[in-house]
>>> print(open('query33.pdb').read())   # PDB, C-alpha atoms, pLDDT in the B column
ATOM      1  CA  MET A  12       0.000   0.000   0.000  1.00 43.00           C
ATOM      2  CA  THR A  13       1.342   3.443  -0.903  1.00 43.00           C
ATOM      3  CA  ARG A  14       1.614   6.109   1.748  1.00 44.00           C
ATOM      4  CA  ASN A  15      -1.312   8.098   0.352  1.00 47.00           C
ATOM      5  CA  ALA A  16      -3.558   5.148  -0.523  1.00 52.00           C
ATOM      6  CA  ALA A  17      -6.888   4.738   1.229  1.00 53.00           C
ATOM      7  CA  PRO A  18      -6.917   1.940   3.789  1.00 62.00           C
ATOM      8  CA  LEU A  19      -8.231  -1.377   2.517  1.00 69.00           C
ATOM      9  CA  ALA A  20     -11.532  -2.697   3.818  1.00 71.00           C
ATOM     10  CA  PRO A  21     -11.240  -5.264   6.622  1.00 73.00           C
ATOM     11  CA  LEU A  22     -11.699  -8.942   5.925  1.00 77.00           C
ATOM     12  CA  SER A  23     -14.804 -10.873   7.018  1.00 70.00           C
ATOM     13  CA  PRO A  24     -17.134  -7.876   6.596  1.00 71.00           C
ATOM     14  CA  THR A  25     -20.346  -9.942   6.736  1.00 74.00           C
ATOM     15  CA  ASP A  26     -21.795 -12.712   8.878  1.00 75.00           C
ATOM     16  CA  ARG A  27     -21.326 -15.303   6.170  1.00 79.00           C
ATOM     17  CA  THR A  28     -17.596 -14.614   5.965  1.00 72.00           C
ATOM     18  CA  THR A  29     -17.040 -14.251   9.704  1.00 74.00           C
ATOM     19  CA  VAL A  30     -14.980 -17.129  11.104  1.00 74.00           C
ATOM     20  CA  GLN A  31     -16.829 -18.914  13.896  1.00 69.00           C
ATOM     21  CA  ARG A  32     -14.198 -21.445  15.002  1.00 70.00           C
ATOM     22  CA  GLY A  33     -10.425 -21.185  15.262  1.00 63.00           C
ATOM     23  CA  LYS A  34     -10.553 -17.409  15.512  1.00 70.00           C
ATOM     24  CA  HIS A  35      -6.913 -17.337  16.668  1.00 79.00           C
ATOM     25  CA  ARG A  36      -5.997 -18.442  13.130  1.00 78.00           C
ATOM     26  CA  VAL A  37      -7.841 -15.615  11.414  1.00 80.00           C
ATOM     27  CA  VAL A  38      -5.868 -13.339   9.100  1.00 82.00           C
ATOM     28  CA  ASP A  39      -7.524  -9.924   9.156  1.00 84.00           C
ATOM     29  CA  ASP A  40      -5.210  -8.028   6.799  1.00 86.00           C
ATOM     30  CA  ARG A  41      -6.600  -7.703   3.269  1.00 89.00           C
ATOM     31  CA  GLU A  42      -3.107  -7.123   1.878  1.00 92.00           C
ATOM     32  CA  GLN A  43      -2.138 -10.580   3.156  1.00 93.00           C
ATOM     33  CA  LEU A  44      -5.177 -11.989   1.361  1.00 94.00           C
ATOM     34  CA  HIS A  45      -4.057 -10.322  -1.879  1.00 95.00           C
ATOM     35  CA  ALA A  46      -0.509 -11.633  -1.458  1.00 95.00           C
ATOM     36  CA  PHE A  47      -1.749 -15.162  -0.802  1.00 96.00           C
ATOM     37  CA  LEU A  48      -4.121 -15.162  -3.768  1.00 97.00           C
ATOM     38  CA  ALA A  49      -1.299 -13.902  -5.990  1.00 96.00           C
ATOM     39  CA  GLU A  50       0.857 -16.869  -4.935  1.00 94.00           C
ATOM     40  CA  ALA A  51      -1.564 -19.803  -5.060  1.00 96.00           C
ATOM     41  CA  LEU A  52      -2.555 -21.620  -8.242  1.00 96.00           C
ATOM     42  CA  VAL A  53      -5.857 -23.481  -7.898  1.00 97.00           C
ATOM     43  CA  ALA A  54      -9.270 -22.284  -6.756  1.00 97.00           C
ATOM     44  CA  HIS A  55     -12.302 -24.437  -6.013  1.00 98.00           C
ATOM     45  CA  VAL A  56     -15.648 -22.973  -7.024  1.00 97.00           C
ATOM     46  CA  GLY A  57     -18.797 -24.138  -5.245  1.00 97.00           C
ATOM     47  CA  VAL A  58     -22.131 -23.602  -6.994  1.00 97.00           C
ATOM     48  CA  VAL A  59     -25.589 -25.141  -6.830  1.00 96.00           C
ATOM     49  CA  VAL A  60     -26.459 -26.919 -10.081  1.00 95.00           C
ATOM     50  CA  GLY A  61     -30.106 -27.908 -10.164  1.00 91.00           C
ATOM     51  CA  ASP A  62     -30.818 -29.885  -7.008  1.00 93.00           C
ATOM     52  CA  HIS A  63     -27.231 -30.436  -5.854  1.00 96.00           C
ATOM     53  CA  PRO A  64     -24.033 -28.503  -5.149  1.00 96.00           C
ATOM     54  CA  VAL A  65     -20.831 -29.062  -7.101  1.00 96.00           C
ATOM     55  CA  VAL A  66     -17.295 -27.954  -6.260  1.00 97.00           C
ATOM     56  CA  LEU A  67     -14.840 -27.775  -9.133  1.00 96.00           C
ATOM     57  CA  PRO A  68     -11.135 -26.855  -9.380  1.00 96.00           C
ATOM     58  CA  CYS A  69     -10.336 -23.893 -11.618  1.00 95.00           C
ATOM     59  CA  ALA A  70      -7.459 -21.747 -12.728  1.00 96.00           C
ATOM     60  CA  TYR A  71      -8.053 -18.233 -11.457  1.00 98.00           C
ATOM     61  CA  ALA A  72      -6.618 -14.757 -11.136  1.00 97.00           C
ATOM     62  CA  VAL A  73      -7.221 -11.691  -8.997  1.00 97.00           C
ATOM     63  CA  ASP A  74      -7.288  -7.998  -9.793  1.00 97.00           C
ATOM     64  CA  PRO A  75      -7.395  -6.060  -6.490  1.00 95.00           C
ATOM     65  CA  ALA A  76      -8.293  -2.955  -8.505  1.00 94.00           C
ATOM     66  CA  GLY A  77     -11.020  -4.715 -10.506  1.00 95.00           C
ATOM     67  CA  PRO A  78     -14.480  -3.201 -10.961  1.00 96.00           C
ATOM     68  CA  ASP A  79     -16.258  -5.375  -8.382  1.00 95.00           C
ATOM     69  CA  GLY A  80     -16.558  -4.524  -4.692  1.00 91.00           C
ATOM     70  CA  GLY A  81     -13.167  -5.024  -3.052  1.00 93.00           C
ATOM     71  CA  GLY A  82     -11.635  -6.026  -6.385  1.00 95.00           C
ATOM     72  CA  SER A  83     -12.327  -8.955  -8.691  1.00 97.00           C
ATOM     73  CA  LEU A  84     -11.530 -12.650  -8.626  1.00 98.00           C
ATOM     74  CA  TYR A  85     -11.755 -14.191 -12.085  1.00 98.00           C
ATOM     75  CA  VAL A  86     -12.394 -17.795 -13.147  1.00 97.00           C
ATOM     76  CA  HIS A  87     -13.037 -19.038 -16.643  1.00 96.00           C
ATOM     77  CA  GLY A  88     -14.449 -22.055 -18.413  1.00 94.00           C
ATOM     78  CA  SER A  89     -16.242 -23.306 -21.486  1.00 94.00           C
ATOM     79  CA  VAL A  90     -19.456 -21.539 -22.439  1.00 94.00           C
ATOM     80  CA  ALA A  91     -20.934 -25.056 -22.629  1.00 94.00           C
ATOM     81  CA  SER A  92     -20.145 -25.840 -18.973  1.00 94.00           C
ATOM     82  CA  VAL A  93     -23.303 -26.561 -17.004  1.00 95.00           C
ATOM     83  CA  TRP A  94     -21.795 -25.363 -13.713  1.00 94.00           C
ATOM     84  CA  LEU A  95     -20.717 -22.079 -15.275  1.00 94.00           C
ATOM     85  CA  ARG A  96     -24.164 -21.350 -16.676  1.00 93.00           C
ATOM     86  CA  HIS A  97     -25.677 -21.956 -13.234  1.00 95.00           C
ATOM     87  CA  ALA A  98     -23.061 -19.754 -11.589  1.00 96.00           C
ATOM     88  CA  VAL A  99     -23.900 -16.641 -13.607  1.00 96.00           C
ATOM     89  CA  GLY A 100     -25.934 -14.334 -11.382  1.00 95.00           C
ATOM     90  CA  SER A 101     -25.824 -16.795  -8.470  1.00 96.00           C
ATOM     91  CA  THR A 102     -24.014 -16.629  -5.158  1.00 96.00           C
ATOM     92  CA  VAL A 103     -20.926 -18.842  -5.317  1.00 97.00           C
ATOM     93  CA  CYS A 104     -18.185 -19.785  -2.881  1.00 97.00           C
ATOM     94  CA  VAL A 105     -14.571 -19.750  -4.038  1.00 98.00           C
ATOM     95  CA  THR A 106     -11.874 -21.300  -1.858  1.00 97.00           C
ATOM     96  CA  VAL A 107      -8.115 -21.258  -2.337  1.00 98.00           C
ATOM     97  CA  THR A 108      -5.857 -23.392  -0.128  1.00 97.00           C
ATOM     98  CA  GLU A 109      -2.139 -24.048   0.147  1.00 96.00           C
ATOM     99  CA  LEU A 110      -0.999 -27.004   2.278  1.00 97.00           C
ATOM    100  CA  ASP A 111       2.156 -26.119   4.214  1.00 96.00           C
ATOM    101  CA  GLY A 112       2.655 -29.078   6.548  1.00 97.00           C
ATOM    102  CA  LEU A 113       1.385 -32.165   8.367  1.00 97.00           C
ATOM    103  CA  VAL A 114       1.151 -31.877  12.152  1.00 98.00           C
ATOM    104  CA  ALA A 115       1.731 -35.100  14.110  1.00 97.00           C
ATOM    105  CA  ALA A 116       0.521 -34.546  17.657  1.00 97.00           C
ATOM    106  CA  ARG A 117       0.586 -36.670  20.810  1.00 97.00           C
ATOM    107  CA  SER A 118      -3.127 -37.400  20.499  1.00 96.00           C
ATOM    108  CA  ALA A 119      -5.470 -37.993  17.582  1.00 96.00           C
ATOM    109  CA  PHE A 120      -7.509 -34.959  18.613  1.00 96.00           C
ATOM    110  CA  HIS A 121      -4.610 -32.526  18.116  1.00 96.00           C
ATOM    111  CA  HIS A 122      -3.365 -33.864  14.770  1.00 97.00           C
ATOM    112  CA  SER A 123      -3.689 -31.086  12.215  1.00 96.00           C
ATOM    113  CA  MET A 124      -2.276 -29.509   9.067  1.00 97.00           C
ATOM    114  CA  ASN A 125      -0.453 -26.260   8.465  1.00 97.00           C
ATOM    115  CA  TYR A 126      -2.169 -24.247   5.771  1.00 96.00           C
ATOM    116  CA  ARG A 127      -3.224 -20.922   4.325  1.00 96.00           C
ATOM    117  CA  SER A 128      -6.810 -20.749   3.115  1.00 95.00           C
ATOM    118  CA  ALA A 129      -9.106 -18.062   1.748  1.00 96.00           C
ATOM    119  CA  VAL A 130     -12.875 -18.129   1.255  1.00 95.00           C
ATOM    120  CA  VAL A 131     -14.637 -15.670  -1.045  1.00 96.00           C
ATOM    121  CA  ILE A 132     -18.435 -15.504  -1.251  1.00 96.00           C
ATOM    122  CA  GLY A 133     -20.285 -13.375  -3.767  1.00 96.00           C
ATOM    123  CA  ARG A 134     -22.572 -13.132  -6.759  1.00 97.00           C
ATOM    124  CA  ALA A 135     -20.805 -14.292  -9.918  1.00 97.00           C
ATOM    125  CA  ARG A 136     -20.921 -11.826 -12.782  1.00 97.00           C
ATOM    126  CA  LEU A 137     -20.470 -12.796 -16.430  1.00 97.00           C
ATOM    127  CA  VAL A 138     -17.708 -10.581 -17.829  1.00 97.00           C
ATOM    128  CA  GLU A 139     -19.036  -9.179 -21.097  1.00 95.00           C
ATOM    129  CA  ASP A 140     -16.846  -6.124 -21.587  1.00 95.00           C
ATOM    130  CA  GLU A 141     -14.279  -7.122 -24.216  1.00 94.00           C
ATOM    131  CA  ALA A 142     -11.372  -5.244 -22.654  1.00 94.00           C
ATOM    132  CA  GLU A 143     -12.038  -6.576 -19.161  1.00 96.00           C
ATOM    133  CA  ARG A 144     -12.431 -10.126 -20.437  1.00 96.00           C
ATOM    134  CA  GLY A 145      -9.149  -9.927 -22.332  1.00 95.00           C
ATOM    135  CA  ARG A 146      -7.378  -8.577 -19.269  1.00 96.00           C
ATOM    136  CA  ALA A 147      -8.898 -11.274 -17.066  1.00 97.00           C
ATOM    137  CA  LEU A 148      -7.743 -14.062 -19.385  1.00 97.00           C
ATOM    138  CA  ASP A 149      -4.245 -12.568 -19.485  1.00 97.00           C
ATOM    139  CA  LEU A 150      -4.219 -12.464 -15.683  1.00 98.00           C
ATOM    140  CA  VAL A 151      -5.188 -16.151 -15.506  1.00 97.00           C
ATOM    141  CA  VAL A 152      -2.264 -17.069 -17.776  1.00 97.00           C
ATOM    142  CA  ASP A 153       0.122 -14.868 -15.794  1.00 97.00           C
ATOM    143  CA  GLN A 154      -1.073 -16.420 -12.531  1.00 97.00           C
ATOM    144  CA  MET A 155       0.543 -19.645 -13.750  1.00 96.00           C
ATOM    145  CA  VAL A 156       3.572 -18.135 -15.498  1.00 97.00           C
ATOM    146  CA  PRO A 157       4.075 -14.406 -14.796  1.00 97.00           C
ATOM    147  CA  GLY A 158       4.668 -12.437 -17.982  1.00 96.00           C
ATOM    148  CA  ARG A 159       3.578 -15.289 -20.258  1.00 96.00           C
ATOM    149  CA  ALA A 160       0.474 -13.608 -21.671  1.00 97.00           C
ATOM    150  CA  ALA A 161       2.494 -10.860 -23.364  1.00 96.00           C
ATOM    151  CA  THR A 162       4.498 -13.451 -25.329  1.00 95.00           C
ATOM    152  CA  LEU A 163       1.509 -15.263 -26.855  1.00 96.00           C
ATOM    153  CA  ARG A 164      -0.465 -14.656 -30.017  1.00 94.00           C
ATOM    154  CA  PRO A 165      -3.842 -12.968 -29.522  1.00 93.00           C
ATOM    155  CA  SER A 166      -6.758 -15.291 -28.871  1.00 93.00           C
ATOM    156  CA  THR A 167      -8.867 -15.991 -31.946  1.00 93.00           C
ATOM    157  CA  ARG A 168     -12.510 -14.997 -32.197  1.00 93.00           C
ATOM    158  CA  LYS A 169     -13.436 -18.676 -32.091  1.00 95.00           C
ATOM    159  CA  GLU A 170     -11.426 -19.219 -28.892  1.00 94.00           C
ATOM    160  CA  LEU A 171     -12.970 -16.181 -27.226  1.00 93.00           C
ATOM    161  CA  ALA A 172     -16.469 -17.236 -28.276  1.00 93.00           C
ATOM    162  CA  ALA A 173     -15.909 -20.616 -26.624  1.00 95.00           C
ATOM    163  CA  THR A 174     -14.669 -19.122 -23.332  1.00 96.00           C
ATOM    164  CA  ALA A 175     -16.695 -17.529 -20.556  1.00 96.00           C
ATOM    165  CA  VAL A 176     -15.173 -15.484 -17.744  1.00 97.00           C
ATOM    166  CA  LEU A 177     -16.819 -14.977 -14.369  1.00 98.00           C
ATOM    167  CA  ALA A 178     -15.955 -12.278 -11.850  1.00 98.00           C
ATOM    168  CA  VAL A 179     -16.618 -12.638  -8.127  1.00 98.00           C
ATOM    169  CA  PRO A 180     -16.286  -9.592  -5.822  1.00 96.00           C
ATOM    170  CA  LEU A 181     -13.501  -9.827  -3.254  1.00 95.00           C
ATOM    171  CA  HIS A 182     -15.489  -7.806  -0.728  1.00 94.00           C
ATOM    172  CA  GLU A 183     -16.836 -10.789   1.221  1.00 94.00           C
ATOM    173  CA  ALA A 184     -13.715 -12.759   2.047  1.00 94.00           C
ATOM    174  CA  SER A 185     -12.018 -14.409   4.981  1.00 92.00           C
ATOM    175  CA  MET A 186      -8.617 -16.000   5.480  1.00 94.00           C
ATOM    176  CA  LYS A 187      -7.131 -18.380   8.016  1.00 93.00           C
ATOM    177  CA  ALA A 188      -3.636 -19.758   8.466  1.00 95.00           C
ATOM    178  CA  ARG A 189      -1.877 -22.267  10.692  1.00 95.00           C
ATOM    179  CA  ALA A 190       1.861 -22.757  11.153  1.00 95.00           C
ATOM    180  CA  GLY A 191       4.218 -24.558  13.521  1.00 95.00           C
ATOM    181  CA  GLY A 192       3.935 -27.662  15.655  1.00 95.00           C
ATOM    182  CA  PRO A 193       1.121 -29.330  17.597  1.00 96.00           C
ATOM    183  CA  GLY A 194      -0.807 -27.784  20.458  1.00 94.00           C
ATOM    184  CA  ASP A 195      -0.801 -30.765  22.796  1.00 95.00           C
ATOM    185  CA  ASP A 196      -2.337 -31.011  26.243  1.00 95.00           C
ATOM    186  CA  PRO A 197       0.213 -30.794  29.107  1.00 96.00           C
ATOM    187  CA  GLU A 198      -0.496 -34.328  30.286  1.00 96.00           C
ATOM    188  CA  ASP A 199       0.185 -35.700  26.801  1.00 95.00           C
ATOM    189  CA  VAL A 200       3.487 -33.821  26.668  1.00 96.00           C
ATOM    190  CA  ALA A 201       4.438 -35.238  30.058  1.00 96.00           C
ATOM    191  CA  ALA A 202       3.685 -38.783  28.810  1.00 95.00           C
ATOM    192  CA  GLY A 203       6.686 -38.540  26.478  1.00 93.00           C
ATOM    193  CA  THR A 204       5.017 -39.405  23.158  1.00 94.00           C
ATOM    194  CA  TRP A 205       6.867 -37.985  20.138  1.00 96.00           C
ATOM    195  CA  ALA A 206       5.282 -35.067  18.294  1.00 97.00           C
ATOM    196  CA  GLY A 207       6.304 -32.675  15.535  1.00 97.00           C
ATOM    197  CA  HIS A 208       5.404 -31.524  12.058  1.00 97.00           C
ATOM    198  CA  VAL A 209       6.392 -32.258   8.459  1.00 97.00           C
ATOM    199  CA  PRO A 210       6.839 -29.049   6.428  1.00 96.00           C
ATOM    200  CA  LEU A 211       5.510 -29.263   2.867  1.00 95.00           C
ATOM    201  CA  ARG A 212       6.099 -26.972  -0.087  1.00 91.00           C
ATOM    202  CA  ARG A 213       5.228 -26.779  -3.754  1.00 89.00           C
ATOM    203  CA  VAL A 214       8.398 -27.290  -5.831  1.00 90.00           C
ATOM    204  CA  ALA A 215       8.868 -27.183  -9.621  1.00 90.00           C
ATOM    205  CA  GLU A 216      10.922 -29.893 -11.297  1.00 91.00           C
ATOM    206  CA  THR A 217      12.997 -29.488 -14.453  1.00 93.00           C
ATOM    207  CA  VAL A 218      11.083 -27.939 -17.351  1.00 95.00           C
ATOM    208  CA  VAL A 219      10.083 -30.503 -20.015  1.00 95.00           C
ATOM    209  CA  PRO A 220       9.772 -28.997 -23.535  1.00 96.00           C
ATOM    210  CA  ALA A 221       7.040 -30.246 -25.859  1.00 95.00           C
ATOM    211  CA  PRO A 222       8.323 -32.659 -28.561  1.00 95.00           C
ATOM    212  CA  GLU A 223       7.969 -30.022 -31.288  1.00 94.00           C
ATOM    213  CA  ALA A 224       9.504 -27.184 -29.231  1.00 94.00           C
ATOM    214  CA  THR A 225      12.673 -25.590 -30.592  1.00 93.00           C
ATOM    215  CA  GLY A 226      15.199 -23.292 -28.977  1.00 94.00           C
ATOM    216  CA  PRO A 227      15.859 -22.673 -25.303  1.00 95.00           C
ATOM    217  CA  VAL A 228      13.215 -22.555 -22.593  1.00 95.00           C
ATOM    218  CA  PRO A 229      11.665 -19.059 -22.703  1.00 95.00           C
ATOM    219  CA  ALA A 230      12.765 -16.646 -20.013  1.00 95.00           C
ATOM    220  CA  ASP A 231       9.300 -16.420 -18.440  1.00 96.00           C
ATOM    221  CA  VAL A 232       8.948 -20.189 -18.061  1.00 96.00           C
ATOM    222  CA  ALA A 233      12.536 -20.589 -16.841  1.00 95.00           C
ATOM    223  CA  ALA A 234      12.071 -17.816 -14.287  1.00 94.00           C
ATOM    224  CA  ARG A 235       8.853 -19.361 -12.993  1.00 94.00           C
ATOM    225  CA  ALA A 236      10.456 -22.788 -12.646  1.00 93.00           C
ATOM    226  CA  ALA A 237      13.503 -21.302 -10.929  1.00 92.00           C
ATOM    227  CA  ALA A 238      11.381 -19.330  -8.482  1.00 90.00           C
ATOM    228  CA  LEU A 239       9.389 -22.416  -7.521  1.00 88.00           C
ATOM    229  CA  ALA A 240      12.502 -24.583  -7.293  1.00 82.00           C
ATOM    230  CA  ALA A 241      14.051 -22.107  -4.840  1.00 70.00           C
ATOM    231  CA  ARG A 242      11.086 -22.102  -2.434  1.00 61.00           C
TER     232      ARG A 242
END
>>> encode(input="query33.pdb", output="structure tokens")
Amino acid sequence: MTRNAAPLAPLSPTDRTTVQRGKHRVVDDREQLHAFLAEALVAHVGVVVGDHPVVLPCAYAVDPAGPDGGGSLYVHGSVASVWLRHAVGSTVCVTVTELDGLVAARSAFHHSMNYRSAVVIGRARLVEDEAERGRALDLVVDQMVPGRAATLRPSTRKELAATAVLAVPLHEASMKARAGGPGDDPEDVAAGTWAGHVPLRRVAETVVPAPEATGPVPADVAARAAALAAR
């Protein structure tokens, strides 16, 4: 945030995004939410389709300065997708989670996981403005490989006609995080049972070119792989 920027709205501004349990794990800084969403890769979108809910994994991107309240979270899919058609104009739930560790406690009750997780609830809007849709699709590509969108040919009219983009406001959002070892009861600690945690991280392996690819690995792909390998 710049020195003269207006303060960001707090997280969990409504009852349906207010954390009820594990409040000591709540992250209440919206800038931390933005940083987390910029780092993660997969969102899960929950929507009611007919008489049942479905939750599907999606590539996504975030524009904190987007036109929706609190900024915009974008997901995309085929215009023929049943879930996407049901999502338009409906309230959806988008979750993004990164698993950071396995926590082995001295009792089954205190076993846990280290994580960072965000929940966004809002009415999904079909992005129809051509400029916004193009920017959103570029952001989704750059979420995977930063800078990649600028190196690609423009999408064809056929490709754009087959793709729908949804925007969900970032206004109603919450975030929780857990780190470190187990929180065992004193009597379990005194019993001498081993406890600890297994840190986990997402790591890129060596880039594998497509069979028809020629020349060196592009700088954007190499930089992304190197950044993930160094985590």
>>> resolve_selection(input="query33.pdb", expression="the PyMOL selection byres ((chain A and resi 116) around 12)", output="PyMOL selection string")
chain A and resi 113-115+117-124+191-196+199-200+203-209
>>> residues_around(input="query33.pdb", residues="Ala147 in chain A", least_positions_apart="5", cutoff="9 Å", atoms="all atoms listed in the file", output="PDB file with C-alpha atoms, in the coordinates of the input")
ATOM      1  CA  TYR A  71      -8.053 -18.233 -11.457  1.00 98.00           C
ATOM      2  CA  ALA A  72      -6.618 -14.757 -11.136  1.00 97.00           C
ATOM      3  CA  VAL A  73      -7.221 -11.691  -8.997  1.00 97.00           C
ATOM      4  CA  ASP A  74      -7.288  -7.998  -9.793  1.00 97.00           C
ATOM      5  CA  LEU A  84     -11.530 -12.650  -8.626  1.00 98.00           C
ATOM      6  CA  TYR A  85     -11.755 -14.191 -12.085  1.00 98.00           C
ATOM      7  CA  VAL A  86     -12.394 -17.795 -13.147  1.00 97.00           C
ATOM      8  CA  HIS A  87     -13.037 -19.038 -16.643  1.00 96.00           C
ATOM      9  CA  VAL A 138     -17.708 -10.581 -17.829  1.00 97.00           C
ATOM     10  CA  ALA A 142     -11.372  -5.244 -22.654  1.00 94.00           C
ATOM     11  CA  VAL A 152      -2.264 -17.069 -17.776  1.00 97.00           C
ATOM     12  CA  VAL A 176     -15.173 -15.484 -17.744  1.00 97.00           C
ATOM     13  CA  ALA A 178     -15.955 -12.278 -11.850  1.00 98.00           C
TER      14      ALA A 178
END
>>> closest_residue(input="query33.pdb", among="A:Thr162, A:Thr106, A:Lys169, A:Pro157", to="Ala236 in chain A", atoms="only C-alpha atoms")
A:Pro157
>>> residues_near_point(input="query33.pdb", point="(-9.2, -3.0, -9.1)", cutoff="12 Å", atoms="only C-alpha atoms", output="count of residues only")
22
>>> atom_distance(input="query33.pdb", atom1="CA of Gly145 in chain A", atom2="CA of Glu170 in chain A")
11.6 Å
>>> atom_distance(input="query33.pdb", atom1="CA of Gly88 in chain A", atom2="CA of Arg127 in chain A")
25.4 Å
>>> resolve_selection(input="query33.pdb", expression="the PyMOL selection byres ((chain A and resi 96) around 12)", output="NGL selection string")
:A and (58-61 or 87-95 or 97-101 or 135-137 or 174-177)
>>> residues_around(input="query33.pdb", residues="Asp40 in chain A", least_positions_apart="4", cutoff="8 Å", atoms="all atoms listed in the file", output="ChimeraX atom specification")
/A:21-22,44
>>> atom_distance(input="query33.pdb", atom1="CA of Thr108 in chain A", atom2="CA of Val131 in chain A")
11.7 Å
>>> closest_residue(input="query33.pdb", among="A:Ala46, A:Ala172, A:Leu110, A:Ala54", to="Arg144 in chain A", atoms="only C-alpha atoms")
A:Ala172
>>> resolve_selection(input="query33.pdb", expression="the PyMOL selection byres ((chain A and resi 111) around 6)", output="PyMOL selection string")
chain A and resi 110+112+125-126+210-212
>>> decode(input="query33.pdb", residues="range 128-134 of chain A", atoms="all heavy atoms", output="mmCIF file, in the first residue's frame")
data_model
loop_
_atom_site.group_PDB
_atom_site.id
_atom_site.type_symbol
_atom_site.label_atom_id
_atom_site.label_comp_id
_atom_site.auth_asym_id
_atom_site.auth_seq_id
_atom_site.Cartn_x
_atom_site.Cartn_y
_atom_site.Cartn_z
ATOM 1 N N SER A 128 -5.568 -20.504 3.833
ATOM 2 C CA SER A 128 -6.810 -20.749 3.115
ATOM 3 C C SER A 128 -7.669 -19.492 3.086
ATOM 4 O O SER A 128 -7.804 -18.803 4.092
ATOM 5 C CB SER A 128 -7.583 -21.890 3.778
ATOM 6 O OG SER A 128 -8.764 -22.175 3.068
ATOM 7 N N ALA A 129 -8.222 -19.217 1.917
ATOM 8 C CA ALA A 129 -9.106 -18.062 1.748
ATOM 9 C C ALA A 129 -10.462 -18.531 1.242
ATOM 10 O O ALA A 129 -10.558 -19.484 0.458
ATOM 11 C CB ALA A 129 -8.506 -17.068 0.760
ATOM 12 N N VAL A 130 -11.509 -17.861 1.700
ATOM 13 C CA VAL A 130 -12.875 -18.129 1.255
ATOM 14 C C VAL A 130 -13.470 -16.811 0.758
ATOM 15 O O VAL A 130 -13.428 -15.800 1.466
ATOM 16 C CB VAL A 130 -13.737 -18.702 2.395
ATOM 17 C CG1 VAL A 130 -15.186 -18.862 1.936
ATOM 18 C CG2 VAL A 130 -13.183 -20.033 2.877
ATOM 19 N N VAL A 131 -14.003 -16.849 -0.451
ATOM 20 C CA VAL A 131 -14.637 -15.670 -1.045
ATOM 21 C C VAL A 131 -16.067 -16.044 -1.412
ATOM 22 O O VAL A 131 -16.296 -17.062 -2.080
ATOM 23 C CB VAL A 131 -13.884 -15.197 -2.304
ATOM 24 C CG1 VAL A 131 -14.564 -13.961 -2.901
ATOM 25 C CG2 VAL A 131 -12.425 -14.898 -1.980
ATOM 26 N N ILE A 132 -17.020 -15.261 -0.959
ATOM 27 C CA ILE A 132 -18.435 -15.504 -1.251
ATOM 28 C C ILE A 132 -18.996 -14.276 -1.961
ATOM 29 O O ILE A 132 -18.784 -13.140 -1.521
ATOM 30 C CB ILE A 132 -19.228 -15.773 0.038
ATOM 31 C CG1 ILE A 132 -18.721 -17.040 0.718
ATOM 32 C CG2 ILE A 132 -20.726 -15.907 -0.267
ATOM 33 C CD1 ILE A 132 -19.361 -17.307 2.065
ATOM 34 N N GLY A 133 -19.702 -14.509 -3.058
ATOM 35 C CA GLY A 133 -20.285 -13.375 -3.767
ATOM 36 C C GLY A 133 -21.067 -13.809 -4.984
ATOM 37 O O GLY A 133 -21.030 -14.971 -5.399
ATOM 38 N N ARG A 134 -21.773 -12.866 -5.563
ATOM 39 C CA ARG A 134 -22.572 -13.132 -6.759
ATOM 40 C C ARG A 134 -21.664 -13.102 -7.984
ATOM 41 O O ARG A 134 -20.970 -12.113 -8.239
ATOM 42 C CB ARG A 134 -23.690 -12.101 -6.892
ATOM 43 C CG ARG A 134 -24.673 -12.397 -8.026
ATOM 44 C CD ARG A 134 -25.831 -11.417 -8.013
ATOM 45 N NE ARG A 134 -26.611 -11.535 -6.791
ATOM 46 C CZ ARG A 134 -27.574 -12.437 -6.611
ATOM 47 N NH1 ARG A 134 -27.872 -13.289 -7.572
ATOM 48 N NH2 ARG A 134 -28.241 -12.468 -5.479
#
